[in-house]
Each structure stands twice: as C-alpha cells, then as structure tokens.
$ cat structure.cif   # mmCIF, C-alpha atoms
data_upload
#
loop_
_atom_site.label_atom_id
_atom_site.label_comp_id
_atom_site.auth_asym_id
_atom_site.auth_seq_id
_atom_site.Cartn_x
_atom_site.Cartn_y
_atom_site.Cartn_z
CA MET A 63 -11.59 45.07 27.97
CA ASN A 64 -15.11 46.48 28.08
CA ALA A 65 -13.76 49.97 27.52
CA ASP A 66 -12.23 48.96 24.17
CA LEU A 67 -15.22 47.02 22.96
CA GLN A 68 -16.30 48.41 19.59
CA LEU A 69 -20.01 48.52 18.94
CA THR A 70 -19.79 49.86 15.39
CA LEU A 71 -17.97 48.05 12.60
CA THR A 72 -15.48 49.70 10.27
CA PRO A 73 -15.74 49.00 6.50
CA ILE A 74 -12.88 46.47 6.62
CA GLN A 75 -14.52 44.66 9.52
CA ILE A 76 -17.78 44.48 7.59
CA LEU A 77 -15.94 43.19 4.50
CA LEU A 78 -14.05 40.52 6.47
CA SER A 79 -17.18 39.45 8.30
CA ALA A 80 -19.05 39.18 4.99
CA LEU A 81 -16.24 37.04 3.52
CA LEU A 82 -16.33 34.75 6.54
CA LEU A 83 -20.09 34.42 6.22
CA ILE A 84 -19.68 33.46 2.56
CA VAL A 85 -17.19 30.78 3.66
CA ALA A 86 -19.73 29.55 6.22
CA VAL A 87 -22.51 29.28 3.63
CA ALA A 88 -20.15 27.60 1.12
CA SER A 89 -19.05 25.05 3.74
CA LEU A 90 -22.67 24.28 4.58
CA ARG A 91 -23.34 23.57 0.92
CA LEU A 92 -20.03 21.73 0.39
CA PHE A 93 -20.26 19.29 3.29
CA ARG A 94 -23.68 17.81 2.69
CA ASN A 95 -24.63 15.09 5.18
CA ARG A 96 -21.49 15.77 7.20
CA ILE A 97 -22.63 17.39 10.40
CA LEU A 98 -19.20 17.34 12.08
CA TYR A 99 -17.50 19.10 9.16
CA ARG A 100 -20.30 21.69 9.10
CA LEU A 101 -20.06 22.34 12.83
CA PHE A 102 -16.28 22.59 12.54
CA PHE A 103 -16.49 25.24 9.81
CA ILE A 104 -19.30 27.15 11.47
CA GLY A 105 -17.25 27.19 14.68
CA ILE A 106 -14.21 28.57 12.84
CA VAL A 107 -16.29 31.23 11.08
CA PHE A 108 -18.01 32.21 14.33
CA VAL A 109 -14.67 32.66 16.11
CA GLY A 110 -13.31 34.52 13.07
CA ILE A 111 -16.19 36.99 13.02
CA LEU A 112 -15.90 37.45 16.76
CA PHE A 113 -12.17 38.25 16.44
CA VAL A 114 -12.82 40.66 13.54
CA ALA A 115 -15.67 42.44 15.31
CA VAL A 116 -13.90 42.62 18.66
CA PRO A 117 -10.16 42.90 17.89
CA ILE A 118 -9.29 43.24 21.56
CA LEU A 119 -10.68 39.74 22.20
CA PRO A 120 -7.72 37.75 20.77
CA VAL A 121 -5.33 40.14 22.59
CA TYR A 122 -7.17 39.51 25.84
CA LEU A 123 -7.29 35.72 25.29
CA ALA A 124 -3.62 35.65 24.30
CA SER A 125 -2.56 37.40 27.46
CA LEU A 126 -4.86 35.12 29.43
CA ILE A 127 -3.19 31.93 28.20
CA GLY A 128 0.26 33.44 27.83
CA VAL A 129 1.01 33.21 24.09
CA GLY A 130 2.09 36.81 23.59
CA ARG A 131 0.23 38.94 21.07
CA GLY A 132 -3.30 38.41 19.81
CA VAL A 133 -1.99 37.82 16.32
CA ASP A 134 0.13 34.95 17.69
CA LEU A 135 -2.97 33.33 19.11
CA VAL A 136 -4.79 33.67 15.79
CA PHE A 137 -1.76 32.23 13.98
CA TYR A 138 -1.54 29.22 16.34
CA LEU A 139 -5.25 28.55 16.02
CA LEU A 140 -5.13 28.77 12.23
CA PHE A 141 -2.05 26.56 12.04
CA THR A 142 -3.59 23.90 14.28
CA GLY A 143 -6.88 24.06 12.37
CA PHE A 144 -5.01 23.76 9.08
CA LEU A 145 -3.12 20.66 10.22
CA LEU A 146 -6.30 19.11 11.59
CA LEU A 147 -8.04 19.74 8.29
CA ILE A 148 -5.20 18.14 6.33
CA ALA A 149 -5.33 15.08 8.60
CA ILE A 150 -9.11 14.77 8.18
CA LEU A 151 -8.95 15.19 4.41
CA TYR A 152 -6.03 12.75 4.13
CA ARG A 153 -8.00 10.17 6.06
CA ARG A 154 -10.91 10.65 3.66
CA LEU A 155 -8.49 10.25 0.77
CA LEU A 156 -7.27 6.94 2.19
CA GLN A 157 -10.86 5.75 2.54
CA HIS A 158 -11.51 6.64 -1.10
CA ASP A 159 -8.35 4.75 -2.06
CA VAL A 160 -9.79 1.63 -0.43
CA ILE A 161 -13.09 2.00 -2.31
CA ILE A 162 -11.36 2.61 -5.66
CA THR A 163 -9.08 -0.38 -5.07
CA GLN A 164 -12.06 -2.64 -4.37
CA ILE A 165 -13.87 -1.51 -7.51
CA ILE A 166 -10.78 -1.96 -9.70
CA ARG A 167 -10.13 -5.37 -8.12
CA GLN A 168 -13.65 -6.67 -8.60
CA ASN A 169 -13.61 -5.48 -12.21
CA ALA A 170 -10.26 -7.18 -12.85
CA ILE A 171 -11.53 -10.47 -11.40
CA ARG A 172 -14.90 -10.30 -13.17
CA ASN A 173 -13.34 -9.49 -16.54
CA HIS A 174 -10.39 -11.88 -16.33
CA ARG A 175 -9.24 -13.63 -19.48
CA PRO A 176 -9.04 -17.41 -18.97
CA PRO A 177 -6.22 -19.48 -20.44
CA SER A 178 -6.65 -19.42 -24.20
CA GLN A 179 -5.04 -22.79 -24.63
CA LYS A 180 -3.21 -25.45 -22.70
CA ALA A 181 0.38 -25.61 -23.85
CA THR A 182 1.51 -28.96 -25.07
CA MET B 50 -6.51 -35.66 -5.97
CA THR B 51 -3.79 -33.29 -7.13
CA GLU B 52 -3.69 -29.90 -5.54
CA ARG B 53 -4.05 -26.74 -7.56
CA VAL B 54 -1.02 -24.50 -7.39
CA PHE B 55 -1.54 -20.91 -8.51
CA ILE B 56 1.47 -18.78 -9.41
CA LEU B 57 0.62 -15.10 -8.96
CA ILE B 58 2.69 -12.68 -11.04
CA PRO B 59 2.04 -8.98 -10.46
CA SER B 60 3.31 -7.07 -13.44
CA TYR B 61 3.77 -3.47 -14.47
CA ASN B 62 5.38 -2.65 -17.83
CA GLU B 63 7.27 -5.93 -18.10
CA GLU B 64 6.59 -6.49 -21.79
CA LYS B 65 10.24 -7.25 -22.52
CA VAL B 66 10.61 -10.13 -20.08
CA ILE B 67 7.15 -11.36 -19.15
CA ARG B 68 6.89 -14.08 -21.84
CA GLN B 69 10.21 -15.52 -20.84
CA THR B 70 9.27 -15.47 -17.15
CA ILE B 71 5.96 -17.24 -17.79
CA ARG B 72 7.49 -19.81 -20.13
CA SER B 73 10.13 -20.62 -17.54
CA LEU B 74 7.37 -21.84 -15.22
CA GLY B 75 6.29 -24.73 -17.46
CA ASN B 76 2.79 -26.18 -17.59
CA ALA B 77 2.33 -27.72 -14.17
CA TYR B 78 0.72 -24.71 -12.53
CA ASP B 79 -2.17 -22.31 -12.95
CA ILE B 80 -0.49 -19.02 -13.77
CA VAL B 81 -2.22 -15.74 -12.98
CA LEU B 82 -0.77 -12.56 -14.43
CA ILE B 83 -2.07 -9.43 -12.74
CA ASP B 84 -1.33 -6.57 -15.10
CA ASP B 85 -1.29 -3.44 -12.96
CA ALA B 86 -2.42 -1.09 -15.74
CA SER B 87 0.74 -1.43 -17.81
CA THR B 88 1.17 1.23 -20.45
CA ASP B 89 3.32 -1.00 -22.67
CA ASP B 90 2.15 -3.98 -24.73
CA THR B 91 2.15 -6.56 -21.93
CA GLU B 92 -1.41 -7.64 -22.74
CA ASN B 93 -0.58 -8.66 -26.31
CA ALA B 94 2.77 -10.11 -25.32
CA VAL B 95 1.01 -12.82 -23.29
CA ARG B 96 -2.19 -13.16 -25.31
CA ASP B 97 -1.42 -16.64 -26.68
CA LEU B 98 -0.09 -18.05 -23.41
CA PRO B 99 -2.17 -20.49 -21.31
CA ILE B 100 -2.56 -18.18 -18.34
CA TYR B 101 -5.25 -16.27 -16.49
CA TYR B 102 -4.89 -12.60 -17.37
CA LEU B 103 -6.30 -9.97 -15.02
CA ARG B 104 -5.91 -6.26 -15.60
CA HIS B 105 -6.28 -3.33 -13.22
CA GLU B 106 -7.84 -0.37 -14.99
CA ILE B 107 -5.58 2.03 -13.10
CA ASN B 108 -2.18 1.47 -11.55
CA LEU B 109 -2.57 0.52 -7.88
CA GLY B 110 0.77 -1.01 -6.94
CA GLN B 111 2.30 -4.42 -6.36
CA GLY B 112 0.54 -5.06 -3.06
CA ALA B 113 -2.86 -4.41 -4.63
CA ALA B 114 -2.00 -6.64 -7.58
CA LEU B 115 -1.00 -9.49 -5.27
CA GLN B 116 -4.22 -9.10 -3.27
CA THR B 117 -6.23 -9.19 -6.51
CA GLY B 118 -4.39 -12.36 -7.48
CA MET B 119 -5.00 -13.93 -4.06
CA GLU B 120 -8.72 -13.17 -4.16
CA PHE B 121 -8.92 -14.61 -7.65
CA ALA B 122 -6.98 -17.73 -6.65
CA ARG B 123 -9.26 -18.18 -3.64
CA GLN B 124 -12.33 -17.99 -5.85
CA GLN B 125 -10.80 -20.52 -8.24
CA GLY B 126 -10.21 -22.98 -5.41
CA ALA B 127 -6.44 -22.75 -5.14
CA ASP B 128 -4.75 -25.06 -2.63
CA ILE B 129 -1.35 -23.42 -2.80
CA VAL B 130 -0.36 -19.94 -3.94
CA VAL B 131 3.08 -18.72 -5.00
CA HIS B 132 4.15 -15.06 -5.20
CA PHE B 133 6.51 -14.74 -8.14
CA ASP B 134 8.16 -11.62 -9.61
CA ALA B 135 7.54 -10.75 -13.25
CA ASP B 136 11.07 -9.62 -14.01
CA GLY B 137 12.61 -13.09 -13.93
CA GLN B 138 14.51 -12.58 -10.67
CA HIS B 139 13.09 -15.69 -9.04
CA ASN B 140 14.14 -19.24 -9.73
CA PRO B 141 11.27 -21.47 -10.98
CA ASP B 142 13.11 -24.53 -9.60
CA ASP B 143 12.49 -23.20 -6.10
CA ILE B 144 8.73 -23.56 -6.44
CA ASP B 145 8.51 -27.34 -6.01
CA ARG B 146 11.14 -27.30 -3.28
CA PHE B 147 9.18 -24.67 -1.33
CA ILE B 148 5.90 -26.59 -1.81
CA GLN B 149 7.56 -29.71 -0.40
CA VAL B 150 8.68 -27.73 2.65
CA LEU B 151 5.17 -26.32 3.04
CA LYS B 152 3.78 -29.87 3.20
CA THR B 153 6.46 -31.75 5.08
CA GLN B 154 7.08 -29.13 7.76
CA SER B 155 3.37 -28.43 8.30
CA VAL B 156 3.68 -24.68 7.95
CA ASP B 157 1.30 -22.18 6.35
CA VAL B 158 3.85 -19.92 4.68
CA VAL B 159 7.32 -20.51 3.29
CA LEU B 160 9.31 -17.29 2.86
CA GLY B 161 12.30 -17.00 0.57
CA SER B 162 15.54 -15.71 2.01
CA ARG B 163 18.72 -14.49 0.35
CA PHE B 164 20.65 -14.59 3.60
CA LEU B 165 20.69 -18.31 4.44
CA ARG B 166 23.32 -19.45 1.92
CA LYS B 167 26.59 -17.73 1.21
CA GLU B 168 26.23 -17.94 -2.58
CA ASP B 169 22.78 -16.25 -2.45
CA LEU B 170 24.10 -13.56 -0.15
CA LEU B 171 27.06 -12.76 -2.38
CA ALA B 172 24.76 -12.36 -5.39
CA ILE B 173 23.08 -9.33 -3.77
CA PRO B 174 24.59 -5.99 -4.83
CA ARG B 175 26.50 -4.44 -1.92
CA LEU B 176 24.35 -1.35 -1.40
CA ARG B 177 21.18 -3.42 -1.52
CA ARG B 178 22.64 -5.86 1.00
CA ILE B 179 23.23 -3.04 3.49
CA LEU B 180 19.75 -1.65 2.89
CA LEU B 181 18.19 -5.09 3.38
CA ARG B 182 19.97 -5.54 6.69
CA VAL B 183 18.53 -2.23 7.92
CA ALA B 184 15.09 -3.13 6.52
CA ARG B 185 15.29 -6.47 8.35
CA ILE B 186 15.60 -4.63 11.66
CA VAL B 187 12.76 -2.22 10.81
CA ASN B 188 10.60 -5.17 9.73
CA GLY B 189 11.39 -6.98 12.95
CA LEU B 190 10.44 -4.00 15.08
CA LEU B 191 7.21 -3.35 13.18
CA SER B 192 6.01 -6.90 12.65
CA GLY B 193 7.59 -8.76 15.54
CA LEU B 194 8.87 -11.33 13.05
CA TRP B 195 12.64 -11.48 13.03
CA LEU B 196 13.57 -12.99 9.70
CA SER B 197 16.93 -13.26 8.00
CA ASP B 198 15.71 -11.38 4.91
CA ALA B 199 13.42 -8.41 4.27
CA HIS B 200 11.16 -7.73 1.32
CA ASN B 201 11.85 -10.97 -0.49
CA GLY B 202 8.97 -11.32 -2.91
CA PHE B 203 9.18 -15.11 -3.27
CA ARG B 204 6.61 -16.74 -0.97
CA VAL B 205 4.54 -19.92 -0.98
CA MET B 206 1.39 -20.24 1.11
CA ASN B 207 -1.40 -22.72 1.73
CA ARG B 208 -5.16 -22.19 1.90
CA ARG B 209 -5.09 -21.25 5.56
CA ALA B 210 -2.68 -18.41 4.88
CA LEU B 211 -4.56 -17.46 1.72
CA ALA B 212 -7.75 -17.12 3.74
CA GLY B 213 -6.04 -15.19 6.54
CA ILE B 214 -3.92 -12.66 4.68
CA GLN B 215 -5.75 -9.57 3.41
CA LEU B 216 -3.41 -6.92 2.04
CA LYS B 217 -4.42 -3.29 2.46
CA GLU B 218 -1.05 -1.87 1.51
CA ASN B 219 -1.37 -1.23 -2.19
CA ARG B 220 2.26 -0.45 -2.81
CA MET B 221 5.58 -1.91 -1.69
CA ALA B 222 4.83 -1.82 2.03
CA HIS B 223 2.76 -4.98 1.53
CA ALA B 224 5.89 -7.05 2.19
CA THR B 225 6.02 -5.77 5.77
CA GLU B 226 2.24 -6.03 6.07
CA ILE B 227 2.36 -9.73 5.14
CA LEU B 228 4.75 -10.36 8.04
CA MET B 229 2.50 -8.40 10.41
CA GLN B 230 -0.47 -10.49 9.36
CA ILE B 231 1.44 -13.75 9.63
CA ARG B 232 2.08 -12.85 13.25
CA ARG B 233 -1.41 -11.52 13.99
CA LYS B 234 -3.16 -14.53 12.41
CA GLN B 235 -0.70 -16.88 14.10
CA LEU B 236 0.28 -18.52 10.82
CA ARG B 237 3.10 -21.02 10.94
CA TYR B 238 6.05 -20.01 8.80
CA VAL B 239 9.55 -20.99 7.87
CA GLU B 240 12.30 -19.42 5.80
CA GLN B 241 14.03 -21.24 2.97
CA PRO B 242 17.05 -20.21 0.96
CA THR B 243 16.36 -18.83 -2.48
CA HIS B 244 18.58 -17.45 -5.18
CA ILE B 245 17.69 -14.11 -6.71
CA ILE B 246 19.11 -13.32 -10.12
CA TYR B 247 20.07 -9.65 -10.33
CA THR B 248 20.11 -8.82 -14.01
CA GLU B 249 20.82 -5.35 -15.35
CA TYR B 250 17.13 -5.17 -16.31
CA SER B 251 15.84 -6.10 -12.88
CA GLN B 252 18.15 -3.65 -11.16
CA VAL B 253 17.01 -0.77 -13.35
CA LYS B 254 13.37 -1.75 -12.80
CA GLY B 255 13.78 -2.61 -9.14
CA GLN B 256 13.18 -0.47 -6.07
CA ARG B 257 15.38 2.52 -5.40
CA TRP B 258 16.85 2.89 -1.95
CA GLN B 259 14.74 6.04 -1.44
CA GLY B 260 11.72 3.77 -1.75
CA ALA B 261 12.54 2.36 1.69
CA PHE B 262 11.43 5.63 3.27
CA ASP B 263 8.14 5.54 1.34
CA ILE B 264 7.56 2.01 2.58
CA LEU B 265 8.25 3.01 6.16
CA ILE B 266 5.84 5.97 5.97
CA ASP B 267 3.16 3.81 4.28
CA VAL B 268 3.41 1.21 7.03
CA PHE B 269 3.06 3.86 9.75
CA ILE B 270 0.13 5.60 8.05
CA ASN B 271 -1.74 2.37 7.50
CA LYS B 272 -1.04 1.18 10.99
CA TYR B 273 -2.20 4.32 12.78
CA PHE B 274 -4.49 6.29 10.41
CA ARG B 275 -6.82 3.69 8.90
#
$ encode --input "structure.cif" --output "structure tokens"
Amino acid sequence: MNADLQLTLTPIQILLSALLLIVAVASLRLFRNRILYRLFFIGIVFVGILFVAVPILPVYLASLIGVGRGVDLVFYLLFTGFLLLIAILYRRLLQHDVIITQIIRQNAIRNHRPPSQKAT
Amino acid sequence: MTERVFILIPSYNEEKVIRQTIRSLGNAYDIVLIDDASTDDTENAVRDLPIYYLRHEINLGQGAALQTGMEFARQQGADIVVHFDADGQHNPDDIDRFIQVLKTQSVDVVLGSRFLRKEDLLAIPRLRRILLRVARIVNGLLSGLWLSDAHNGFRVMNRRALAGIQLKENRMAHATEILMQIRRKQLRYVEQPTHIIYTEYSQVKGQRWQGAFDILIDVFINKYFR
C-alpha cells in the first residue's frame, strides 16, 4: 500500500477535498448546539477526504473486510450513513410533531367557544 | 349530585351532517366539538348550538382531536366521557346504556362492539367485516387485548380512564393505542354491543382499507421510535 500512496494531489482531488471541506463548514454552522450531529458530519468529511487523497485506502480496506472493490465499500458506507441520517431526521420530525400538537392543543383549549345558549 | 357527562365529537369537514348529529344527542350532556381544522363551514354550522367548540389551527388527525377533547373535559371536571363520531354512525340511545354498564359493572371503560349481536354484524359491509376481523387479530397481538371488534370509535370512560389515557397517536392508530394503554394502565373494561349505521355518506367519508396499513406502520413507529 505504501508504494501507491500519493503525496501530491491532482486537480480533481483538490476540488473534491475542497467541496467536502465546504460541507464540513456548512454542517458546523447548520447544526448549532448539536455536538453529535457535528461530530458525525466531521467524521464523514474526514473519511471522505482521506479516501479522495489516498484512493488506494478504500481498496485496501475493502479487501481487508472482504467486500470486493473499494467503490463497493464507499457505496455501502454512504448507503448506511444515508439510512442513519434519515432515521435521525425522522425522529426529529416526530419530536417536532409532538411539540406542534401540544401548541395547537393548548391554543384550541384556551380559545374554546363556550355554549352560546342552553337549548330549551 | 349529578355527574357531568361530556360527549367528545372529533370532526373534520362534516358540515353536512354535524348539526343533525349534535341535535340527536339532546340536552342532557355537555357536548364538545373538536373541529380538526375543517376547511368547510363547520364552524358556522354549529354556531348557535349549545356546545363547546374547540378548533385546531391545523389538521392533526382524529386521535389528536380526541386527546384535545379529553384534556378539555378533564379541565372542565368531567365525570364521564363519551367518544362519538361526527358522521352520525353512532346511536345516541347507546350512550345511557353504556353509562349504566360503566357504573353497574364497576369498569373504567366500556367499548362498543359490532360483533356481539347478529343484527349489528350483518349491518357491516362485507369487505369491512373481513378487514375488521384481520384488524382484530393485529390489535390483539399489539395490545394484548383480545376484543371482538377493532377500531370501534364508540367508547365510554370514567375519570380514572380519562386520567390514565394519554393519546400520542394523532391519526387513526389511536384506536389501537387506546387498547394498549387500557392494558398498560390496568384499566377495567368491558365490551357492549352497539349498532353502527353505515350510510352512503359515512362510507364515502370513512376509512379506506389501505388506511389499515398506515395505522399498522404508525403503531410500529410510535412504539419503537419515540
């Protein structure tokens, strides 16, 4: 592996690394006060940059754990990360649903219209 | 001292039938209409009626509307609460009979069932009958309560049940959730026969069979993701 290790970056590697860094900065700004989300994104970006800078690394890791090609490993990692992200966001959505429901409910109770008359 | 009976009617776009449904209940009860953000003229249709009118600002679903009604009834000091459909499917004459059962049999909840009398059973459209039998099994597996009927919206409960049941299922899965909570809170319950009137209107407005899958998914999500 050491023999294939690239020490200089090609233009496309620089571009991809820059894009990943932008994603990292955006995620830091986006997830304010959410340390776990920030760490999660930084971790993904770090691994991404590592894979871009050292393309032989995913190939080596893939052969190590027996998933075939390096691109397969990247695909599996992305797919799992994507599903995990959906699950996390969906859970947040459910929590927001609960909050919205409580607000709507309290408003409905507070602003109720009492019986206008008693029927005879 | 006479007890206060609150009839809770969740309603969504029932302008055409809501007056008739409310009038059929007479004057003996406190009636609470929970308008789940109807886009029709429900609000004006009931404006002159002697009822409590609550309105959700956005549509949340029948379960949420019932929970709003239950919280309101609790705050108003209700002794007994009745869940009653807005579309006129339920029989107002069943209310007093169910309340009597609630008191004489010392239970916390009386659940309506369409499967205890032959005439009630035969009134159910065939496809719905098959679906309800399947839903009964699913309900039993999920809640541990093996009832004769599933998703019958006619229920009567006392203060103990009113205090114990807290619905988180905003939409139709609340019917299964109620059973789960009855079991978890160890509420005493009994089923009583009730006759559901299937009008053309109620069948058009009612749940589609595909809705059963939504209910199942909702129950699973709320059980394992919240």
$ closest_atom_pairs --input "structure.cif" --of "chain B" --to "chain A" --cutoff "9 Å" --atoms "only C-alpha atoms" --output "tab-separated table"
residue	atom	partner	partner_atom	distance
B:Gly75	CA	A:Ala181	CA	8.7
B:Asn76	CA	A:Ala181	CA	6.7
B:Asp79	CA	A:Pro177	CA	9.0
B:Ile80	CA	A:Pro177	CA	8.8
B:Ile83	CA	A:Ala170	CA	8.5
B:Arg96	CA	A:Ser178	CA	7.8
B:Asp97	CA	A:Ser178	CA	6.4
B:Leu98	CA	A:Ser178	CA	6.7
B:Pro99	CA	A:Pro177	CA	4.3
B:Ile100	CA	A:Pro177	CA	4.4
B:Tyr101	CA	A:Pro176	CA	4.7
B:Tyr102	CA	A:Arg175	CA	4.9
B:Leu103	CA	A:His174	CA	4.7
B:Arg104	CA	A:Ala170	CA	5.2
B:His105	CA	A:Ala170	CA	5.5
B:Glu106	CA	A:Ile166	CA	6.3
B:Ile107	CA	A:Ile166	CA	7.4
B:Leu109	CA	A:Thr163	CA	7.1
B:Ala113	CA	A:Thr163	CA	7.4
B:Ala114	CA	A:Arg167	CA	8.2
B:Gln116	CA	A:Arg167	CA	8.5
B:Thr117	CA	A:Arg167	CA	5.7
B:Gly118	CA	A:Ile171	CA	8.4
B:Glu120	CA	A:Ile171	CA	8.2
B:Phe121	CA	A:Ile171	CA	6.2
B:Lys217	CA	A:Val160	CA	7.8
B:Asn219	CA	A:Thr163	CA	8.3
B:Asn271	CA	A:Leu156	CA	8.9
B:Phe274	CA	A:Arg153	CA	6.8
B:Arg275	CA	A:Arg153	CA	7.2
$ resolve_selection --input "structure.cif" --expression "the PyMOL selection byres ((chain A and resi 102) around 12)" --output "PDB file with C-alpha atoms, keeping the file's coordinate frame"
ATOM      1  CA  ALA A  86     -19.730  29.550   6.220  1.00  0.00           C
ATOM      2  CA  SER A  89     -19.050  25.050   3.740  1.00  0.00           C
ATOM      3  CA  LEU A  90     -22.670  24.280   4.580  1.00  0.00           C
ATOM      4  CA  PHE A  93     -20.260  19.290   3.290  1.00  0.00           C
ATOM      5  CA  ARG A  96     -21.490  15.770   7.200  1.00  0.00           C
ATOM      6  CA  ILE A  97     -22.630  17.390  10.400  1.00  0.00           C
ATOM      7  CA  LEU A  98     -19.200  17.340  12.080  1.00  0.00           C
ATOM      8  CA  TYR A  99     -17.500  19.100   9.160  1.00  0.00           C
ATOM      9  CA  ARG A 100     -20.300  21.690   9.100  1.00  0.00           C
ATOM     10  CA  LEU A 101     -20.060  22.340  12.830  1.00  0.00           C
ATOM     11  CA  PHE A 103     -16.490  25.240   9.810  1.00  0.00           C
ATOM     12  CA  ILE A 104     -19.300  27.150  11.470  1.00  0.00           C
ATOM     13  CA  GLY A 105     -17.250  27.190  14.680  1.00  0.00           C
ATOM     14  CA  ILE A 106     -14.210  28.570  12.840  1.00  0.00           C
ATOM     15  CA  VAL A 107     -16.290  31.230  11.080  1.00  0.00           C
ATOM     16  CA  PHE A 108     -18.010  32.210  14.330  1.00  0.00           C
ATOM     17  CA  VAL A 109     -14.670  32.660  16.110  1.00  0.00           C
ATOM     18  CA  GLY A 143      -6.880  24.060  12.370  1.00  0.00           C
ATOM     19  CA  PHE A 144      -5.010  23.760   9.080  1.00  0.00           C
ATOM     20  CA  LEU A 146      -6.300  19.110  11.590  1.00  0.00           C
ATOM     21  CA  LEU A 147      -8.040  19.740   8.290  1.00  0.00           C
ATOM     22  CA  ILE A 150      -9.110  14.770   8.180  1.00  0.00           C
TER      23      ILE A 150
END
$ resolve_selection --input "structure.cif" --expression "the PyMOL selection byres ((chain B and resi 155-161) around 7)" --output "list in words"
Phe147, Leu151, Lys152, Thr153, Gln154, Ser162, Arg163, Asn201, Phe203, Arg204, Val205, Met206, Asn207, Arg209, Ala210, Leu236, Arg237, Tyr238, Val239, Glu240, Gln241, Pro242 and Thr243 of chain B
$ atom_distance --input "structure.cif" --atom1 "CA of Leu145 (chain A)" --atom2 "CA of Val133 (chain A)"
18.2 Å
$ residues_around --input "structure.cif" --residues "Asp90 (chain B)" --least-positions-apart "5" --cutoff "12 Å" --atoms "all atoms listed in the file" --output "list of chain:residue names"
B:Ser60, B:Tyr61, B:Asn62, B:Glu63, B:Glu64, B:Lys65, B:Val66, B:Ile67, B:Arg68, B:Asp84, B:Val95, B:Arg96
$ atom_distance --input "structure.cif" --atom1 "CA of Thr70 (chain B)" --atom2 "CA of Ser197 (chain B)"
26.4 Å
$ atom_distance --input "structure.cif" --atom1 "CA of Gly189 (chain B)" --atom2 "CA of Ile246 (chain B)"
25.1 Å
$ residues_around --input "structure.cif" --residues "Arg185 (chain B)" --least-positions-apart "6" --cutoff "9 Å" --atoms "only C-alpha atoms" --output "list of chain:residue names"
B:Trp195, B:Leu196, B:Ser197, B:Asp198, B:Ala199, B:His200
$ residues_around --input "structure.cif" --residues "Arg232 (chain B)" --least-positions-apart "2" --cutoff "8 Å" --atoms "only C-alpha atoms" --output "PyMOL selection string"
chain B and resi 192-194+228-230+234-236
$ closest_residue --input "structure.cif" --among "A:Leu119, A:Ile84, A:Ile76, A:Leu155" --to "Gly132 (chain A)" --atoms "only C-alpha atoms"
A:Leu119
$ closest_residue --input "structure.cif" --among "A:Leu71, A:Leu139, A:Leu77, A:Ile148" --to "Ala115 (chain A)" --atoms "all atoms listed in the file"
A:Leu71
$ axis_aligned_box --input "structure.cif" --around "region 60-72 of chain B" --padding-each-side "8 Å" --output "AutoDock Vina command-line options"
--center_x 7.0 --center_y -11.2 --center_z -18.0 --size_x 23.3 --size_y 33.2 --size_z 25.1
$ build_atoms --input "structure.cif" --residues "region 154-159 of chain A" --atoms "all heavy atoms" --output "compact mmCIF listing (two decimals), keeping the file's coordinate frame"
# COMPACT_ATOMS: atom_id res chain seq x y z
N ARG A 154 -9.85 10.86 4.65
CA ARG A 154 -10.91 10.65 3.66
C ARG A 154 -10.32 10.11 2.36
O ARG A 154 -10.87 9.22 1.73
CB ARG A 154 -11.63 11.97 3.32
CG ARG A 154 -12.62 12.45 4.31
CD ARG A 154 -13.82 11.59 4.50
NE ARG A 154 -14.73 11.49 3.36
CZ ARG A 154 -15.65 10.54 3.26
NH1 ARG A 154 -15.76 9.62 4.19
NH2 ARG A 154 -16.46 10.50 2.24
N LEU A 155 -9.17 10.67 2.00
CA LEU A 155 -8.49 10.25 0.77
C LEU A 155 -8.13 8.76 0.84
O LEU A 155 -8.32 8.01 -0.13
CB LEU A 155 -7.23 11.09 0.60
CG LEU A 155 -6.76 11.40 -0.81
CD1 LEU A 155 -7.81 12.19 -1.56
CD2 LEU A 155 -5.45 12.18 -0.76
N LEU A 156 -7.63 8.35 2.01
CA LEU A 156 -7.27 6.94 2.19
C LEU A 156 -8.50 6.05 2.08
O LEU A 156 -8.45 4.97 1.50
CB LEU A 156 -6.60 6.73 3.56
CG LEU A 156 -5.20 7.30 3.75
CD1 LEU A 156 -4.71 7.04 5.16
CD2 LEU A 156 -4.22 6.69 2.75
N GLN A 157 -9.62 6.53 2.63
CA GLN A 157 -10.86 5.75 2.54
C GLN A 157 -11.30 5.61 1.09
O GLN A 157 -11.75 4.55 0.66
CB GLN A 157 -11.96 6.41 3.38
CG GLN A 157 -11.73 6.24 4.88
CD GLN A 157 -12.63 7.13 5.72
OE1 GLN A 157 -13.28 8.05 5.21
NE2 GLN A 157 -12.68 6.87 7.01
N HIS A 158 -11.16 6.71 0.32
CA HIS A 158 -11.51 6.64 -1.10
C HIS A 158 -10.59 5.70 -1.85
O HIS A 158 -11.01 4.99 -2.76
CB HIS A 158 -11.46 8.04 -1.72
CG HIS A 158 -12.66 8.85 -1.37
ND1 HIS A 158 -12.73 10.21 -1.56
CD2 HIS A 158 -13.85 8.51 -0.83
CE1 HIS A 158 -13.90 10.65 -1.16
NE2 HIS A 158 -14.60 9.64 -0.71
N ASP A 159 -9.32 5.68 -1.45
CA ASP A 159 -8.35 4.75 -2.06
C ASP A 159 -8.82 3.32 -1.91
O ASP A 159 -8.73 2.51 -2.83
CB ASP A 159 -6.98 4.90 -1.37
CG ASP A 159 -6.09 5.87 -2.11
OD1 ASP A 159 -6.52 6.40 -3.13
OD2 ASP A 159 -4.95 6.08 -1.64
